[in-house]
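**Student:** Right, I'll just put the structure down here and ask away after.
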Protein chains: 2
Amino acid sequence: MICVREKMSSLRINGQPNSGKSHVTFHVTPVSEEEHELNNRVPSRPTPELKFELDDEGDTLSNHNSITALLSSKFRDIQKRLKQYGIESPRFRKRLVSKWESLNYDVCENVLYIKEQEKYKSKKWVTLRWLSKWLVMFSIGIMTALLAATIHFVVEKLAHLKFDLIKHYFDDCAKNNCLYQPALMWMGINLVITVAGAALVTFLQPMAAGSGIPYIKSYLNGVKIPGLLTFRAFVAKTLGVVMSILGGLACGKEGPMAHSGSIIAAGLGRGRINFCNGKSISFYSAFRNDHEIRDFMAGGAASGVSSAFGAPIGGTLFSLEEAASFWNQDLTWRVFFSSMVACFATNFLISAINGDPTKLTDPGLVRFNAFKFDLKFDLIEIPVFIFMAVIGGLSGALFVVMNYKLTVFRKRYLNKNWIKIIEAGLVAMVSAAVAFGLMVGINDCTDKAPFDSHAVTAAVYCTDKKHNSLSTLFLTTPEGCLKALLHDPFESHGPVSLVAFVLIFFLLGVWTYGLSVSSGVFIPSLAIGAAWGRLVGIGVAHLMPENPNLGVNSSLIKQLDVGKFALIGAACQLGGILRTTISLTVIIVECTDDISFGLPIMIVLMISKWVGDFITTGLYDMNVEVMGIPTLPFECPPLCDDLRASDVMSHPLATFKTKEKVENIYRMLKEETFCGFPVIEDDPMAPGKGKLKGLILRNQLLVLLKKKIFCPEGQVPPRNITIKDFRDFYPVYLKVSEIDLSDEEKSYVMDLKPYYNPSPYTVEQKFSLPRVFNLFRGLGLRHLIVTDEKNMPMGMVTRKDLAKFRVGSKRGLVKIEQLKIEDK
Amino acid sequence: MICVREKMSSLRINGQPNSGKSHVTFHVTPVSEEEHELNNRVPSRPTPELKFELDDEGDTLSNHNSITALLSSKFRDIQKRLKQYGIESPRFRKRLVSKWESLNYDVCENVLYIKEQEKYKSKKWVTLRWLSKWLVMFSIGIMTALLAATIHFVVEKLAHLKFDLIKHYFDDCAKNNCLYQPALMWMGINLVITVAGAALVTFLQPMAAGSGIPYIKSYLNGVKIPGLLTFRAFVAKTLGVVMSILGGLACGKEGPMAHSGSIIAAGLGRGRINFCNGKSISFYSAFRNDHEIRDFMAGGAASGVSSAFGAPIGGTLFSLEEAASFWNQDLTWRVFFSSMVACFATNFLISAINGDPTKLTDPGLVRFNAFKFDLKFDLIEIPVFIFMAVIGGLSGALFVVMNYKLTVFRKRYLNKNWIKIIEAGLVAMVSAAVAFGLMVGINDCTDKAPFDSHAVTAAVYCTDKKHNSLSTLFLTTPEGCLKALLHDPFESHGPVSLVAFVLIFFLLGVWTYGLSVSSGVFIPSLAIGAAWGRLVGIGVAHLMPENPNLGVNSSLIKQLDVGKFALIGAACQLGGILRTTISLTVIIVECTDDISFGLPIMIVLMISKWVGDFITTGLYDMNVEVMGIPTLPFECPPLCDDLRASDVMSHPLATFKTKEKVENIYRMLKEETFCGFPVIEDDPMAPGKGKLKGLILRNQLLVLLKKKIFCPEGQVPPRNITIKDFRDFYPVYLKVSEIDLSDEEKSYVMDLKPYYNPSPYTVEQKFSLPRVFNLFRGLGLRHLIVTDEKNMPMGMVTRKDLAKFRVGSKRGLVKIEQLKIEDK
């Protein structure tokens, strides 16, 4: 594992072009001032003003996109200028390596592989492989469902115990004037449990923090994330999410389910579980390569989503959307199968927990479908929904911005482990204190029975069998709170308590997401939206007391209306925060369990996305960006058509000959950080200038050195290595430091011919950037060798070369960012 | 348009290997005996026995896949042997050209293109292009919805008139003994309307026959299908489907809606409508290339499906599944948007037709969602559903086999236009006659009011206000019949009439699909399934009269049960016939409008697919196969890992120099059928052996010749051509015969440099077939140039080179088929 902390550097170029003039003035803020250089605090410097002569016409320059394109091609010039101003600029490195390695989705078709394939060239093997893939997918579905049901059961039981206890003291103390007792008790319970959960995550596996969905999406996009799929992450994630919810944080268990499902899938796929200290159980190794593991992970993530939301189609789409390069019908069916198994098994298990295992009415952990009436909508309501979608988009963007600032602040100042744990405890205590304060302070009494007959209701100061309406929102898990907001009768919650709830829950949601605890953001987003949606619903019900389209009984109408608006509000808020892709739309529609009503939901999701996208990126994308994970977007940035492969490639290259001295290989691996090396023909006339023969990976070379597959020059090279030897080192590869070579061995020669990939993907240097992009996206490439006309390697384009430039525009200013990714 | 009839030839190799021996005996049935060589009837010959020495071991040979792989590599040997036996074998041609051209999804980045892009390098243009794409998608959705609503309205009104008339005579004549009157009238109406519809399709545009979905899928897969997207096809399709349904054929309007939507999309995308005789209206030409048109078509197909089924998500998936190579978030959103607009507008229009435009309860033409009760299911019912799925798979496969035989028979014997029309008329008359016979013969009387209060019910011989139960099934459109089967009360239809209905409708369905009329197969499949599902439901209700899980009132229970089983039966039958992909699953779930019940539906769809796939391919795939359309499967056929690019490429190549004589170009275009020509460096040392410079397309050369972009040698070549000139010839390209050159002009020289694509995709000759396959699927390629180590073109792999081999195994026998595709 490469354990370097990532660093990002950015060059923010703020400038308003002077139309029609031949130069443009830009304010260039160097790296170190920026929030991205979080760990290297450098005092801020005066901002120099740089002039660039741009030879384009005024007309073209009057927009930001074209400037962006021009500037990105002038990045080197800008760097030079910065140097003149004495500002250390982000360096272009020959090659960039980070802790984020890429996945090798491409198959290395070397001699060993072909030899192994020969073995599989019989129907028995083909059938066996096929069957075992389906079997692994089936197991993934079942295990994920088991996990989901277990978490659900444990959380529900313990949360009920906790809140019953608090309610008991609440009701007693309201009479006896000892309300400090439940308050302290509540804060104490939250503190202890949350601190335990945060410590678990922080010390066992920090990758288990947050919802996990940004990581899973990045992995499916093709970035290897160390520690993401380990046993430790599994323990921290699953136990952690139980503790986070019991600790009273504003979070859900749905995101973590997707992560847990992926870990289960990776474990089953690899056929090996690595416990601590290198101890492991190993079952089989047939699927130990990035290609197969990613396929299984798609199934695992789908199963996780499916069992969390009862959304088998949405789960499948969720997986396939990011891994779209690799969509094929066969894989789609397998993913769908595992997703369906997970949904079905979850349904069965939760039905069994609820006492009737054959009833099958709970396909997922969260469902919005308990509406007592059919959800009908009328054309005249659509404008209201659209208005709500705009609000959702705006408040979602606000959520993202606030959380972004907080994340940056956290990375800069709160990066010690103990601070992280204390912060989590603090949030848990504040959550309890605020909830307590609101309940006591607002004292909104209602006699309407809550929707959930098992709900904990505290009277506090209420009399006449009334109860405090906020108690049904706060004395429950966030999921219970969401359900109450969607389904409680019309007059259960007064406008004041709803307004207070929205504000508090919004702030708590922002504060909670990004803590070092295992926590999802779906449920709090939905709850915030449901609360203000309910407010809108109450407003509409008062404005249009007699809605002629909705039957007879007016109290029923109002109740129905409120639930409907709460649902729309929840969708709007979620859309505004997460920026639903098509998969998220399907997930929400599947949760609602009513497809005719899916239409307004889709409309509001789309509009809230548009509004939100206008202001910021979505929460998950923001996460990915802050982490500096080099994910590839779906399409090439606009206006880059004139960039060529030769402009973006890394060069000069380090190459090997087909028969290479061990010493050279060892030195190169030690000195260079390249992950793949072109192998060239040994041309005695022009050394180092031969035609391309293939591509060999760093990992392969390390294994070859470790296994000592070399011999003195002239002798027959040893061949005692199989593809299984390479696989045994998957997924934690060797390091150069683990290689021990004697001086004699260093003088030996290694024959690379059986090991390199003889047909790597190549492009000619004149290839345009958009087409290089398509190749990477379409084939899931990691390395693309750029050749000249004579088929000699000129340079190499890697995923990072494409992902390192981030171009964005914010508030009318263009921003070019270059991820600087450090050496090992 | 290239108007050659396609021919297919196949070599069926039937053999059981003798395990452990060094040779295998195969019965080789030559081409001409096969059903594929439909137009060249040759008397059958004795089957020769051929022995092949296969140097693999017995173990490997004991399975069919490995034999297939071995034999496909020995195809040439087999051909030689066949020649020795005096049998004309299918020839390998240097290059294969058919009426099915491929689409050019790749962008040709020549100088002209780059020059045009420069123009768009400003924010104004980028925004305008972006906006106009969304606008076109919006219009596609609206227009499709308009069309759907119009067809719906016209069909419903006219069908009601027709059946009311027949019912009137029926009821009168049952008393007065003149039943021959309604019978003759019914047959007569059917005959006249159907013959008109068949004539319309046959003479106006034969591509409008059938459901159109196989064609649309092929187009999205990357095959250009001449005539598919023309104005004539639109008229024939839309008017044709109205006439088919009114003509009493067992068909639906859903498949044709997808086709119509695509035509609308292509028309709007191209900005030009070509009427007959070359007259056309032209609006704008910005999107006239295969890339953009295919994107729009994805939106059109999605809108069509969406407005037919009220399934916006299913429609989107339907489009993206085939065009999966090009999935990106932006396109997905646009397709989803147009799909949603179509669904919404259809909903609005149909609600308006039904009298209340703001009610929005009819999102599509077909919905299964009018169940009076929530669809609930119990675990104990799952085995029954699985049993039904197996029946559905088996009967679906039977449907496909029967329809396949019939299609082959039709292609061989019924290929005259007038015969086609007569056959359609005959089917319509038989449909009426059989329905009449069953109604009179079975005389199943019921007093249950039908679900649809507007349904036409005839008494025939029934008395006491009872009506003939079959009349609600036959005196309506197939859609009405489906709805009756799903929703009619429990005792509406007796088992005898249901059995008769299933048998008759199955046979009529088989006979109808493939007629030269515009007709979909969704609805008849669903109706057949719903009928036998109802039978199963009646059986279950009698076996378990007291189902404790389903409430109190037993008659309600039974009614619910029957509808539920009818729905499952319908899904099973559809799954068995069409072999649902994930998109079809979503479509059916969206139609059902109840996602909890989606789970059993998904399960039965999957099982019926598995069962059916075990026996035959699906109906649409069978169609594609019979038409010989070279679609690419999702993955490379198994066990082909050891085939190399050099094994599948076409060679030798016809190449051009960067400056080529007009005479050479003209001659080459005339003599060769290539669609793309590599351009090579002019190496005076080794003529015809230069390094690869680029790729130029036949269409480009024809335009250049037509526009006379050449000059005497040594002069400055003319440059008076823009990218718009090329676009003006889209999509109907020039033919060589339209080029007129004088002898002097032929001696001139053409400079190809500004026009060829300077960076075509290339692979080295050692690339394995699976990776070549991935490139084609992932990037939507048409041409892939195979180069040697020195970057000299060796050969070319085209879509057809990959699609020409079809390997299948049926009843334990291996079949290798090679599409032989004729010259122009």
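Simple scheme: letters A, B, ... for chains in structure tokens order, numbers from 1 for residues in each chain, numbers from 1 for ligands in the order shown.
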Just asking: which residues within stretch 184-433 of chain B are strand (DSSP E or B) according to DSSP, as a list in words?
**Tutor:**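 Filtering stretch 184-433 of chain B down to strand (DSSP E or B) leaves Gly210, Val223, Lys224, Gly252, Arg272, Ile273, Asn274, Ser280, Ile281 and Ser282 of chain B.
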**Student:** Give me, as a list in words, all polymer residues having an atom no more than 8 Å from stretch 684-698 of chain A, counting only C-alpha atoms and skipping those fewer than 6 positions away in the same chain.
**Tutor:** Thr655, Lys657, Thr658, Leu669, Phe674, Cys675, Gly676, Phe677, Pro678, Tyr755, Tyr756, Asn757, Pro758, Ser759, Pro760, Lys790, Asn791, Met792 and Pro793 of chain A; Glu789 and Lys790 of chain B
**Student:** Could you give me the residues within stretch 469-620 of chain B that DSSP places in alpha helix (DSSP H), as an MDAnalysis selection string?
**Tutor:** chainID B and resid 471:474 478:487 495:512 522:543 554:578 582:592 598:615 619:620
**Student:** Work out how far apart atom CA of B:Leu619 and atom CA of A:Asp330 are and give it in Å to one decimal.
**Tutor:**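 Atom CA of A:Asp330 lies 18.7 Å from atom CA of B:Leu619.
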**Student:** Separation of atom CA of B:Met439 and atom CA of B:Thr472, in Å?
**Tutor:**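 Result for atom CA of B:Met439 versus atom CA of B:Thr472: 10.1 Å, one decimal.
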**Student:** Excluding B:Ala803 and its own-chain neighbours fewer than 5 positions away, which residues fall within 7 Å of it when counting only C-alpha atoms? Please give them as a list of chain:residue names.
**Tutor:**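 The filter keeps B:Pro630, B:Thr631, B:Leu632.
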**Student:** May I ask for the distance between atom CA of A:Phe203 and atom CA of A:Asn699, given in Å to one decimal place?
**Tutor:** 28.9 Å
**Student:** Applying 9 Å and only C-alpha atoms, which residues near B:Arg727 remain after dropping the ones on its own chain fewer than 4 positions away? List them as a list in words.
**Tutor:**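 In the requested format, the answer is Ser285, Ala286, Phe287, Arg288, Asn289, Ile723 and Pro731 of chain B.
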**Student:** Would you pick out the contacts of stretch 301-308 of chain B at 7 Å or less, using only C-alpha atoms, so that residues sharing its chain but fewer than 2 positions from it are not included, and give the list as a count of residues only?
**Tutor:** 30
**Student:** I'd like the neighbourhood of B:Arg579 as a ChimeraX atom specification, where a residue qualifies if any of its atoms comes within 9 Å (using only C-alpha atoms), though same-chain residues fewer than 2 positions away should be ignored.
**Tutor:** /B:393,396,574-577,581,584,605-606,608-610,612-613,617-620
**Student:** Just write the chosen residues, C-alpha atoms, as a tab-separated table (two decimals), in the first residue's frame.
**Tutor:**
chain	number	residue	atom	x	y	z
B	393	GLY	CA	-40.76	-20.06	-21.31
B	396	GLY	CA	-42.78	-18.79	-25.74
B	574	LEU	CA	-44.04	-12.14	-22.90
B	575	GLY	CA	-40.79	-13.16	-21.25
B	576	GLY	CA	-40.89	-16.48	-23.07
B	577	ILE	CA	-41.51	-14.92	-26.47
B	581	THR	CA	-33.79	-7.78	-21.14
B	584	LEU	CA	-38.34	-4.95	-20.79
B	605	LEU	CA	-39.47	-12.81	-16.33
B	606	MET	CA	-36.00	-14.06	-15.49
B	608	SER	CA	-39.13	-17.63	-18.44
B	609	LYS	CA	-36.15	-16.06	-20.18
B	610	TRP	CA	-33.83	-18.80	-18.97
B	612	GLY	CA	-36.83	-20.00	-23.36
B	613	ASP	CA	-33.16	-19.26	-24.02
B	617	THR	CA	-33.38	-17.24	-29.22
B	618	GLY	CA	-36.02	-14.59	-28.60
B	619	LEU	CA	-38.48	-13.47	-31.26
B	620	TYR	CA	-36.71	-10.21	-32.04
